[in-house]
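Visitor: See entry-v4.pdb below, with PDB, C-alpha atoms.
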```pdb
ATOM      1  CA  MET U   1     169.129 228.238 199.280
ATOM      2  CA  THR U   2     172.072 225.825 199.435
ATOM      3  CA  GLY U   3     172.546 225.642 195.668
ATOM      4  CA  VAL U   4     173.250 221.879 195.952
ATOM      5  CA  PRO U   5     170.657 219.605 194.308
ATOM      6  CA  GLY U   6     168.870 217.305 196.801
ATOM      7  CA  VAL U   7     170.032 219.232 199.900
ATOM      8  CA  PRO U   8     167.264 221.195 201.695
ATOM      9  CA  SER U   9     167.846 224.824 202.602
ATOM     10  CA  ALA U  10     167.857 226.216 206.146
ATOM     11  CA  GLU U  11     164.354 227.594 205.692
ATOM     12  CA  GLU U  12     163.033 224.196 204.618
ATOM     13  CA  LEU U  13     164.655 222.493 207.579
ATOM     14  CA  SER U  14     163.264 225.033 210.068
ATOM     15  CA  ALA U  15     159.758 224.288 208.815
ATOM     16  CA  LEU U  16     160.020 220.570 209.525
ATOM     17  CA  PRO U  17     158.643 219.008 212.722
ATOM     18  CA  ALA U  18     161.182 218.243 215.435
ATOM     19  CA  ALA U  19     160.729 214.446 215.082
ATOM     20  CA  GLU U  20     161.385 214.441 211.326
ATOM     21  CA  LEU U  21     164.283 216.842 211.792
ATOM     22  CA  ALA U  22     165.842 214.441 214.311
ATOM     23  CA  VAL U  23     165.485 211.528 211.875
ATOM     24  CA  ARG U  24     167.172 213.503 209.093
ATOM     25  CA  LEU U  25     169.969 214.574 211.428
ATOM     26  CA  ALA U  26     170.648 210.965 212.464
ATOM     27  CA  GLU U  27     170.718 209.887 208.807
ATOM     28  CA  ALA U  28     173.160 212.696 208.041
ATOM     29  CA  TYR U  29     175.485 211.577 210.864
ATOM     30  CA  ARG U  30     175.338 207.991 209.567
ATOM     31  CA  LEU U  31     176.271 209.070 206.046
ATOM     32  CA  ILE U  32     179.115 211.191 207.383
ATOM     33  CA  ALA U  33     180.480 208.224 209.346
ATOM     34  CA  GLU U  34     180.326 205.940 206.273
ATOM     35  CA  LEU U  35     182.038 208.509 204.073
ATOM     36  CA  THR U  36     184.727 209.070 206.704
ATOM     37  CA  THR U  37     185.415 205.313 206.896
ATOM     38  CA  GLN U  38     185.497 205.035 203.112
ATOM     39  CA  ALA U  39     187.876 208.006 202.852
ATOM     40  CA  GLY U  40     190.186 206.367 205.397
ATOM     41  CA  ARG U  41     190.254 203.114 203.410
ATOM     42  CA  LEU U  42     190.991 204.998 200.182
ATOM     43  CA  ALA U  43     193.761 206.989 201.845
ATOM     44  CA  ALA U  44     195.361 203.770 203.138
ATOM     45  CA  GLN U  45     195.078 202.204 199.670
ATOM     46  CA  VAL U  46     196.709 205.257 198.065
ATOM     47  CA  GLU U  47     199.542 205.033 200.583
ATOM     48  CA  ARG U  48     200.088 201.335 199.822
ATOM     49  CA  LEU U  49     200.009 201.928 196.063
ATOM     50  CA  SER U  50     202.411 204.863 196.362
ATOM     51  CA  ALA U  51     204.841 202.694 198.312
ATOM     52  CA  ARG U  52     204.467 199.927 195.706
ATOM     53  CA  VAL U  53     205.138 202.330 192.828
ATOM     54  CA  GLU U  54     208.206 203.669 194.630
ATOM     55  CA  GLU U  55     209.495 200.120 195.184
ATOM     56  CA  LEU U  56     208.941 199.174 191.530
ATOM     57  CA  GLU U  57     210.702 202.328 190.348
ATOM     58  CA  ARG U  58     213.614 201.536 192.669
ATOM     59  CA  GLN U  59     213.852 197.993 191.300
ATOM     60  CA  ALA U  60     213.685 199.290 187.722
ATOM     61  CA  ARG U  61     216.704 201.497 188.427
ATOM     62  CA  LYS U  62     218.772 198.544 189.651
ATOM     63  CA  ASP U  63     221.486 196.948 187.542
ATOM     64  CA  SER U  64     224.476 194.719 188.166
ATOM     65  CA  SER U  65     226.529 197.644 189.480
ATOM     66  CA  THR U  66     223.990 198.591 192.201
ATOM     67  CA  SER U  67     222.707 195.153 193.245
ATOM     68  CA  SER U  68     223.586 191.449 193.290
ATOM     69  CA  ARG U  69     222.005 190.916 189.884
ATOM     70  CA  PRO U  70     224.322 189.392 187.214
ATOM     71  CA  PRO U  71     225.539 191.593 184.348
ATOM     72  CA  SER U  72     223.616 189.362 181.939
ATOM     73  CA  SER U  73     220.358 190.730 183.396
ATOM     74  CA  ASP U  74     221.240 194.256 182.310
ATOM     75  CA  SER U  75     219.599 195.460 179.138
ATOM     76  CA  PRO U  76     222.203 195.653 176.341
ATOM     77  CA  TYR U  77     220.596 198.923 175.214
ATOM     78  CA  LYS U  78     220.824 200.727 178.572
ATOM     79  CA  LYS U  79     224.378 199.967 179.665
ATOM     80  CA  ASN U  80     226.563 202.992 180.252
ATOM     81  CA  GLY U  81     230.049 201.988 179.213
ATOM     82  CA  GLY U  82     231.662 205.060 180.773
ATOM     83  CA  ASP U  83     230.476 204.169 184.265
ATOM     84  CA  ARG U  84     231.420 200.479 183.942
ATOM     85  CA  SER U  85     235.087 200.883 183.074
ATOM     86  CA  LEU U  86     237.519 199.152 185.438
ATOM     87  CA  ARG U  87     240.299 201.573 184.567
ATOM     88  CA  GLU U  88     241.276 203.981 187.309
ATOM     89  CA  ARG U  89     241.058 207.493 185.940
ATOM     90  CA  GLY U  90     243.402 210.383 186.495
ATOM     91  CA  LYS U  91     246.431 208.428 187.761
ATOM     92  CA  ARG U  92     248.286 207.770 184.519
ATOM     93  CA  ARG U  93     248.907 210.005 181.559
ATOM     94  CA  PRO U  94     248.531 208.600 178.037
ATOM     95  CA  GLY U  95     251.688 207.452 176.291
ATOM     96  CA  LYS U  96     255.038 206.524 177.755
ATOM     97  CA  GLN U  97     255.119 206.373 181.547
ATOM     98  CA  PRO U  98     257.945 207.839 183.668
ATOM     99  CA  GLY U  99     260.739 205.344 184.191
ATOM    100  CA  GLU U 100     259.775 203.093 181.284
ATOM    101  CA  PRO U 101     262.576 202.337 178.772
ATOM    102  CA  GLY U 102     262.352 204.152 175.454
ATOM    103  CA  MET U 103     261.707 202.499 172.093
ATOM    104  CA  THR U 104     263.866 204.509 169.677
ATOM    105  CA  MET U 105     264.392 203.108 166.166
ATOM    106  CA  SER U 106     267.947 201.995 165.471
ATOM    107  CA  LEU U 107     269.907 202.075 162.217
ATOM    108  CA  VAL U 108     270.406 198.758 160.441
ATOM    109  CA  ASP U 109     273.820 197.737 159.102
ATOM    110  CA  ASP U 110     272.614 196.391 155.740
ATOM    111  CA  PRO U 111     269.904 198.624 154.264
ATOM    112  CA  ASP U 112     268.151 197.410 151.099
ATOM    113  CA  GLU U 113     269.017 200.590 149.227
ATOM    114  CA  THR U 114     271.446 203.444 149.797
ATOM    115  CA  ILE U 115     270.941 206.865 148.187
ATOM    116  CA  ASN U 116     273.773 209.393 148.473
ATOM    117  CA  CYS U 117     272.838 213.080 148.777
ATOM    118  CA  PRO U 118     276.010 215.103 147.926
ATOM    119  CA  PRO U 119     276.059 218.883 147.727
ATOM    120  CA  LEU U 120     275.991 220.215 144.147
ATOM    121  CA  ALA U 121     277.723 223.539 144.699
ATOM    122  CA  CYS U 122     279.661 225.387 147.391
ATOM    123  CA  ARG U 123     277.355 227.512 149.473
ATOM    124  CA  GLY U 124     280.190 230.030 149.964
ATOM    125  CA  CYS U 125     281.432 230.796 146.441
ATOM    126  CA  GLY U 126     279.133 228.638 144.328
ATOM    127  CA  ALA U 127     281.896 226.449 142.875
ATOM    128  CA  ASP U 128     280.996 223.029 141.448
ATOM    129  CA  LEU U 129     281.619 220.204 143.962
ATOM    130  CA  ALA U 130     280.946 217.249 141.664
ATOM    131  CA  GLY U 131     284.557 215.997 141.772
ATOM    132  CA  ALA U 132     285.395 217.066 145.328
ATOM    133  CA  PRO U 133     286.146 214.280 147.878
ATOM    134  CA  VAL U 134     283.707 213.512 150.682
ATOM    135  CA  THR U 135     285.005 214.793 154.007
ATOM    136  CA  ALA U 136     282.135 213.689 156.295
ATOM    137  CA  GLN U 137     278.747 212.060 156.061
ATOM    138  CA  ARG U 138     275.675 211.448 158.279
ATOM    139  CA  ARG U 139     273.403 208.401 157.857
ATOM    140  CA  HIS U 140     269.590 208.541 157.913
ATOM    141  CA  GLN U 141     267.244 205.612 157.303
ATOM    142  CA  VAL U 142     263.550 205.445 156.439
ATOM    143  CA  THR U 143     261.658 202.179 156.967
ATOM    144  CA  ASP U 144     258.584 201.953 154.762
ATOM    145  CA  ILE U 145     256.120 199.468 153.270
ATOM    146  CA  GLU U 146     256.343 198.617 149.606
ATOM    147  CA  PRO U 147     253.181 198.397 147.477
ATOM    148  CA  ALA U 148     251.414 195.048 147.625
ATOM    149  CA  PRO U 149     253.171 192.539 145.364
ATOM    150  CA  ALA U 150     251.314 190.635 142.697
ATOM    151  CA  PRO U 151     249.847 187.379 144.065
ATOM    152  CA  LYS U 152     251.991 184.321 143.524
ATOM    153  CA  VAL U 153     250.076 181.713 141.506
ATOM    154  CA  THR U 154     251.362 178.150 141.725
ATOM    155  CA  GLU U 155     249.929 175.590 139.310
ATOM    156  CA  TYR U 156     249.757 171.940 140.287
ATOM    157  CA  VAL U 157     249.367 169.566 137.337
ATOM    158  CA  ALA U 158     248.076 166.137 138.269
ATOM    159  CA  GLN U 159     249.644 163.893 135.648
ATOM    160  CA  ALA U 160     248.624 160.381 134.702
ATOM    161  CA  LYS U 161     250.949 157.739 133.365
ATOM    162  CA  GLU U 162     250.365 154.315 131.857
ATOM    163  CA  CYS U 163     252.463 151.384 132.938
ATOM    164  CA  ALA U 164     254.264 149.761 130.023
ATOM    165  CA  GLY U 165     254.031 146.340 131.658
ATOM    166  CA  CYS U 166     250.389 146.019 132.831
ATOM    167  CA  GLU U 167     248.960 149.033 131.026
ATOM    168  CA  MET U 168     247.488 150.352 134.328
ATOM    169  CA  VAL U 169     246.938 154.131 134.323
ATOM    170  CA  THR U 170     248.007 155.843 137.572
ATOM    171  CA  ALA U 171     247.267 159.496 138.406
ATOM    172  CA  GLY U 172     249.544 161.634 140.545
ATOM    173  CA  GLU U 173     248.326 162.878 143.924
ATOM    174  CA  LEU U 174     247.931 166.574 144.668
ATOM    175  CA  PRO U 175     249.082 168.181 147.968
ATOM    176  CA  ALA U 176     246.560 168.072 150.812
ATOM    177  CA  HIS U 177     245.667 171.774 150.581
ATOM    178  CA  VAL U 178     244.878 171.603 146.845
ATOM    179  CA  ARG U 179     241.224 170.706 146.311
ATOM    180  CA  ALA U 180     239.332 172.993 143.930
ATOM    181  CA  ARG U 181     240.472 173.834 140.417
ATOM    182  CA  ALA U 182     241.237 177.375 141.645
ATOM    183  CA  SER U 183     241.602 178.239 145.324
ATOM    184  CA  TYR U 184     243.497 180.409 147.798
ATOM    185  CA  GLY U 185     246.531 179.001 149.577
ATOM    186  CA  PRO U 186     247.140 178.369 153.303
ATOM    187  CA  GLU U 187     248.930 181.691 153.857
ATOM    188  CA  THR U 188     246.034 183.655 152.350
ATOM    189  CA  CYS U 189     243.574 181.777 154.575
ATOM    190  CA  ALA U 190     245.765 182.387 157.636
ATOM    191  CA  GLN U 191     246.051 186.121 157.000
ATOM    192  CA  ALA U 192     242.301 186.388 156.346
ATOM    193  CA  ALA U 193     241.572 184.609 159.640
ATOM    194  CA  ASN U 194     244.034 186.926 161.377
ATOM    195  CA  LEU U 195     242.081 189.962 160.140
ATOM    196  CA  ALA U 196     238.504 188.712 160.645
ATOM    197  CA  VAL U 197     239.009 186.638 163.806
ATOM    198  CA  GLY U 198     242.235 187.746 165.440
ATOM    199  CA  HIS U 199     241.641 191.487 165.037
ATOM    200  CA  HIS U 200     237.806 191.484 164.810
ATOM    201  CA  ILE U 201     237.759 193.530 161.596
ATOM    202  CA  PRO U 202     234.329 193.556 159.899
ATOM    203  CA  ILE U 203     234.047 191.230 156.923
ATOM    204  CA  TYR U 204     233.883 193.818 154.143
ATOM    205  CA  ARG U 205     236.678 195.919 155.626
ATOM    206  CA  ALA U 206     238.798 192.767 156.047
ATOM    207  CA  THR U 207     238.513 192.110 152.307
ATOM    208  CA  LEU U 208     239.724 195.661 151.628
ATOM    209  CA  VAL U 209     242.684 195.363 154.005
ATOM    210  CA  LEU U 210     243.728 192.009 152.528
ATOM    211  CA  CYS U 211     243.568 193.457 149.015
ATOM    212  CA  GLN U 212     245.513 196.601 149.915
ATOM    213  CA  LEU U 213     248.266 194.887 151.928
ATOM    214  CA  ALA U 214     248.595 191.537 150.133
ATOM    215  CA  GLY U 215     247.249 192.296 146.654
ATOM    216  CA  ILE U 216     244.646 189.507 146.793
ATOM    217  CA  ALA U 217     241.002 190.439 146.130
ATOM    218  CA  VAL U 218     238.576 188.018 147.825
ATOM    219  CA  SER U 219     234.801 188.151 148.052
ATOM    220  CA  THR U 220     232.899 188.992 151.216
ATOM    221  CA  GLY U 221     231.304 185.548 151.128
ATOM    222  CA  TRP U 222     234.700 183.846 151.147
ATOM    223  CA  MET U 223     235.895 186.105 153.959
ATOM    224  CA  ALA U 224     232.730 185.360 155.986
ATOM    225  CA  GLY U 225     233.343 181.618 155.633
ATOM    226  CA  ILE U 226     236.944 181.828 156.835
ATOM    227  CA  ARG U 227     235.778 182.037 160.462
ATOM    228  CA  GLY U 228     234.064 178.646 160.261
ATOM    229  CA  LYS U 229     237.129 177.108 158.614
ATOM    230  CA  ALA U 230     239.408 178.516 161.306
ATOM    231  CA  ALA U 231     237.083 177.286 164.065
ATOM    232  CA  ALA U 232     237.014 173.786 162.567
ATOM    233  CA  LEU U 233     240.818 173.651 162.408
ATOM    234  CA  VAL U 234     241.168 174.836 166.020
ATOM    235  CA  GLU U 235     238.603 172.303 167.223
ATOM    236  CA  ALA U 236     240.206 169.442 165.313
ATOM    237  CA  SER U 237     243.644 170.297 166.722
ATOM    238  CA  GLY U 238     242.559 169.679 170.338
ATOM    239  CA  PHE U 239     243.712 173.148 171.351
ATOM    240  CA  MET U 240     240.474 174.073 173.175
ATOM    241  CA  ASP U 241     240.506 170.766 175.070
ATOM    242  CA  ARG U 242     243.889 171.727 176.481
ATOM    243  CA  VAL U 243     242.630 175.224 177.358
ATOM    244  CA  GLN U 244     239.673 173.696 179.246
ATOM    245  CA  GLU U 245     241.992 171.377 181.164
ATOM    246  CA  LEU U 246     244.224 174.284 182.199
ATOM    247  CA  LEU U 247     241.251 176.411 183.279
ATOM    248  CA  LYS U 248     239.984 173.610 185.523
ATOM    249  CA  THR U 249     243.292 173.595 187.384
ATOM    250  CA  ALA U 250     243.589 177.389 187.707
ATOM    251  CA  ALA U 251     243.478 178.785 191.239
ATOM    252  CA  ALA U 252     241.052 181.556 190.191
ATOM    253  CA  VAL U 253     238.629 181.516 187.267
ATOM    254  CA  HIS U 254     236.547 184.444 186.027
ATOM    255  CA  ALA U 255     233.129 183.219 184.795
ATOM    256  CA  ASP U 256     230.528 185.424 183.175
ATOM    257  CA  GLU U 257     227.971 185.652 180.393
ATOM    258  CA  THR U 258     226.674 188.495 178.268
ATOM    259  CA  PRO U 259     223.672 188.750 175.916
ATOM    260  CA  ALA U 260     224.099 189.171 172.189
ATOM    261  CA  ARG U 261     221.672 189.518 169.309
ATOM    262  CA  ALA U 262     221.860 186.682 166.771
ATOM    263  CA  ALA U 263     219.396 185.374 164.150
ATOM    264  CA  GLY U 264     216.668 187.730 165.344
ATOM    265  CA  GLY U 265     216.848 186.575 168.976
ATOM    266  CA  THR U 266     218.949 186.808 172.110
ATOM    267  CA  ARG U 267     221.837 184.406 172.693
ATOM    268  CA  TYR U 268     224.379 184.349 175.514
ATOM    269  CA  VAL U 269     228.155 184.301 175.178
ATOM    270  CA  HIS U 270     229.516 182.255 178.090
ATOM    271  CA  LEU U 271     233.050 182.976 179.267
ATOM    272  CA  ALA U 272     235.550 181.259 181.524
ATOM    273  CA  CYS U 273     239.008 182.788 181.640
ATOM    274  CA  THR U 274     242.146 183.781 183.495
ATOM    275  CA  HIS U 275     244.635 186.463 182.477
ATOM    276  CA  TYR U 276     246.243 184.030 180.026
ATOM    277  CA  LEU U 277     243.493 181.584 179.026
ATOM    278  CA  THR U 278     240.043 182.219 177.535
ATOM    279  CA  CYS U 279     237.257 179.793 176.662
ATOM    280  CA  MET U 280     234.014 181.103 175.150
ATOM    281  CA  HIS U 281     230.927 179.456 173.691
ATOM    282  CA  THR U 282     227.352 180.492 172.901
ATOM    283  CA  GLY U 283     223.998 179.154 174.073
ATOM    284  CA  ASP U 284     221.084 179.978 176.348
ATOM    285  CA  ARG U 285     221.189 180.322 180.153
ATOM    286  CA  SER U 286     220.323 176.705 180.924
ATOM    287  CA  ALA U 287     222.630 174.440 182.912
ATOM    288  CA  GLU U 288     223.159 172.253 179.824
ATOM    289  CA  ALA U 289     224.308 175.228 177.737
ATOM    290  CA  ILE U 290     226.713 176.353 180.466
ATOM    291  CA  ASP U 291     228.096 172.828 180.924
ATOM    292  CA  ALA U 292     228.789 172.709 177.179
ATOM    293  CA  GLY U 293     231.784 174.955 177.803
ATOM    294  CA  GLY U 294     233.514 172.071 179.562
ATOM    295  CA  VAL U 295     234.993 174.269 182.312
ATOM    296  CA  LEU U 296     232.259 174.614 184.961
ATOM    297  CA  PRO U 297     230.297 171.330 185.028
ATOM    298  CA  GLY U 298     227.098 171.639 187.050
ATOM    299  CA  TYR U 299     227.165 175.426 187.198
ATOM    300  CA  GLN U 300     223.568 176.669 187.599
ATOM    301  CA  GLY U 301     223.916 180.241 186.341
ATOM    302  CA  ARG U 302     223.691 181.872 189.775
ATOM    303  CA  ASP U 303     225.634 185.097 190.144
ATOM    304  CA  ARG U 304     226.465 184.369 193.797
ATOM    305  CA  PRO U 305     229.297 182.688 195.754
ATOM    306  CA  ARG U 306     227.174 179.527 196.117
ATOM    307  CA  TRP U 307     228.198 178.719 192.522
ATOM    308  CA  LEU U 308     230.909 176.614 194.112
ATOM    309  CA  ARG U 309     228.427 174.589 196.167
ATOM    310  CA  ARG U 310     226.248 173.962 193.094
ATOM    311  CA  LEU U 311     229.041 172.299 191.114
ATOM    312  CA  ARG U 312     228.279 168.597 190.966
ATOM    313  CA  ALA U 313     231.738 167.086 191.337
ATOM    314  CA  PRO U 314     233.816 168.461 194.256
ATOM    315  CA  ASP U 315     237.049 167.289 192.620
ATOM    316  CA  GLN U 316     236.239 169.405 189.549
ATOM    317  CA  ARG U 317     235.544 172.627 191.431
ATOM    318  CA  PRO U 318     237.891 175.542 190.743
ATOM    319  CA  ALA U 319     239.556 176.870 193.862
ATOM    320  CA  ARG U 320     237.809 180.212 193.422
ATOM    321  CA  LEU U 321     235.319 181.785 191.018
ATOM    322  CA  VAL U 322     235.352 185.558 190.656
ATOM    323  CA  ARG U 323     232.914 187.926 188.960
ATOM    324  CA  SER U 324     235.468 190.544 187.904
ATOM    325  CA  PRO U 325     238.697 189.536 186.152
ATOM    326  CA  SER U 326     240.526 192.299 188.033
ATOM    327  CA  ALA U 327     239.988 190.321 191.237
ATOM    328  CA  ALA U 328     242.090 187.431 189.966
ATOM    329  CA  ARG U 329     245.861 187.675 190.110
ATOM    330  CA  PRO U 330     247.708 186.920 186.876
ATOM    331  CA  GLN U 331     248.378 183.184 186.682
ATOM    332  CA  GLY U 332     250.112 181.519 183.784
ATOM    333  CA  PRO U 333     249.308 178.089 182.349
ATOM    334  CA  VAL U 334     250.548 175.105 184.300
TER
END
```
Translate the structure described by the file into structure tokens.
Guide:
Amino acid sequence: MTGVPGVPSAEELSALPAAELAVRLAEAYRLIAELTTQAGRLAAQVERLSARVEELERQARKDSSTSSRPPSSDSPYKKNGGDRSLRERGKRRPGKQPGEPGMTMSLVDDPDETINCPPLACRGCGADLAGAPVTAQRRHQVTDIEPAPAPKVTEYVAQAKECAGCEMVTAGELPAHVRARASYGPETCAQAANLAVGHHIPIYRATLVLCQLAGIAVSTGWMAGIRGKAAALVEASGFMDRVQELLKTAAAVHADETPARAAGGTRYVHLACTHYLTCMHTGDRSAEAIDAGGVLPGYQGRDRPRWLRRLRAPDQRPARLVRSPSAARPQGPV
């Protein structure tokens, strides 16, 4: 007995006539040939699929540091900051470097307050030294921060007067920065913008710092709106137009973009800079959004040297575009 359903045993095959046995043997050879061919096709398919899986896994492991892909294609949740640092490790110790000049505090000639510390009694015999003359002294100074002063409140009273001749009533004009009945002054707005924009302090923490150092308690909503006010003032001043003009004439410009989460979606922060100039704006990865920066007109978003050839106007092309800012030598504004 073979023990396999549908397969005759040796005894059953020996009882068959020679002609029928030959037919069954030929059929068996045919089936074996078909199964061998099918097994070969399946083995070749497995080999192709294995190679495809290996290729896909290799592509999935790629990022901007191991391929020509731009950094903007890297997932913001998988970037390893430690491996992407441009700082050379192990060559410099933290703190002051050998040969650098020291920064020791010096005594000032006119301190705000002087406190004398005379000895009360002789340490030898214990005699009272209250009336004894001073024979030597050594100066020490401590520079410290005073507690936040009370805010200075200035009241502007817009007065109206009636002309004795024509009886016309004329009201006085307030300064340009006085609008609401109660508001914060220009210096408060400037310091708030310095904290939230200049030093990138979170909004709530910026309100705490402003209160602790300046004695002015502002709301988080007011602090959040100071960024828009500062941006409007910078834009109206023409400062960014001048920065864009200088970047266009720079010998080397670093251009890049990075993804950021905003309003439940992904936006891109576009950058064009040198060591001394920086121009940033947000948008998508389209050519129109990149051109909105005003520095690289016609740039197509390709992270390759043919960026230069894709710029529309040859007279507006920077002399050199670089991916890493460390590749550009420091160049000051013209």
Visitor: For U:His270, which residue out of U:Pro71, U:Arg58, U:Pro147, U:Val157 is the nearest one, using all atoms listed in the file?
Guide: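 The answer is U:Pro71, which sits nearest to U:His270.
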Visitor: Please write as a PDB file with C-alpha atoms, keeping the file's coordinate frame the full residue list that the PyMOL selection byres ((chain U and resi 130) around 8) yields on this file.
Guide:
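Just written: out-v4.pdb:
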```
ATOM      1  CA  PRO U 119     276.059 218.883 147.727  1.00  0.00           C
ATOM      2  CA  LEU U 120     275.991 220.215 144.147  1.00  0.00           C
ATOM      3  CA  ALA U 121     277.723 223.539 144.699  1.00  0.00           C
ATOM      4  CA  ASP U 128     280.996 223.029 141.448  1.00  0.00           C
ATOM      5  CA  LEU U 129     281.619 220.204 143.962  1.00  0.00           C
ATOM      6  CA  GLY U 131     284.557 215.997 141.772  1.00  0.00           C
ATOM      7  CA  ALA U 132     285.395 217.066 145.328  1.00  0.00           C
TER       8      ALA U 132
END
```
Visitor: Within 9 Å of U:Ala192, counting all atoms listed in the file, which residues show up once you throw out same-chain ones fewer than 2 positions away? Write them as a list in words, please.
Guide: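 Close residues of U:Ala192: Glu187, Thr188, Cys189, Ala190, Asn194, Leu195, Ala196, Val197, Ala206, Thr207, Leu210, Met223, Ile226 and Arg227 of chain U.
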Visitor: With distances taken over only C-alpha atoms, which of U:Gln45, U:Ala230, U:Gly221, U:Leu296 is nearest to U:Val253?
Guide: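 Checking each of U:Gln45, U:Ala230, U:Gly221, U:Leu296 against U:Val253, counting only C-alpha atoms, the winner is U:Leu296.
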Visitor: One decimal, in Å: what's the spacing between atom CA of U:Leu233 and atom CA of U:His177?
Guide: 12.9 Å
Visitor: Return the padded bounding box of stretch 237-243 of chain U as JSON: axis-aligned, built from all atoms listed in the file, 4 Å added on each side, with centre and edge lengths in Å to one decimal.
Guide:
```
{"center_x": 242.2, "center_y": 172.5, "center_z": 172.0, "size_x": 11.4, "size_y": 13.5, "size_z": 18.6}
```
Visitor: What's the separation between atom CA of U:Asp63 and atom CA of U:Glu257, in Å to one decimal place?
Guide: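 Between atom CA of U:Asp63 and atom CA of U:Glu257 the gap is 14.9 Å.
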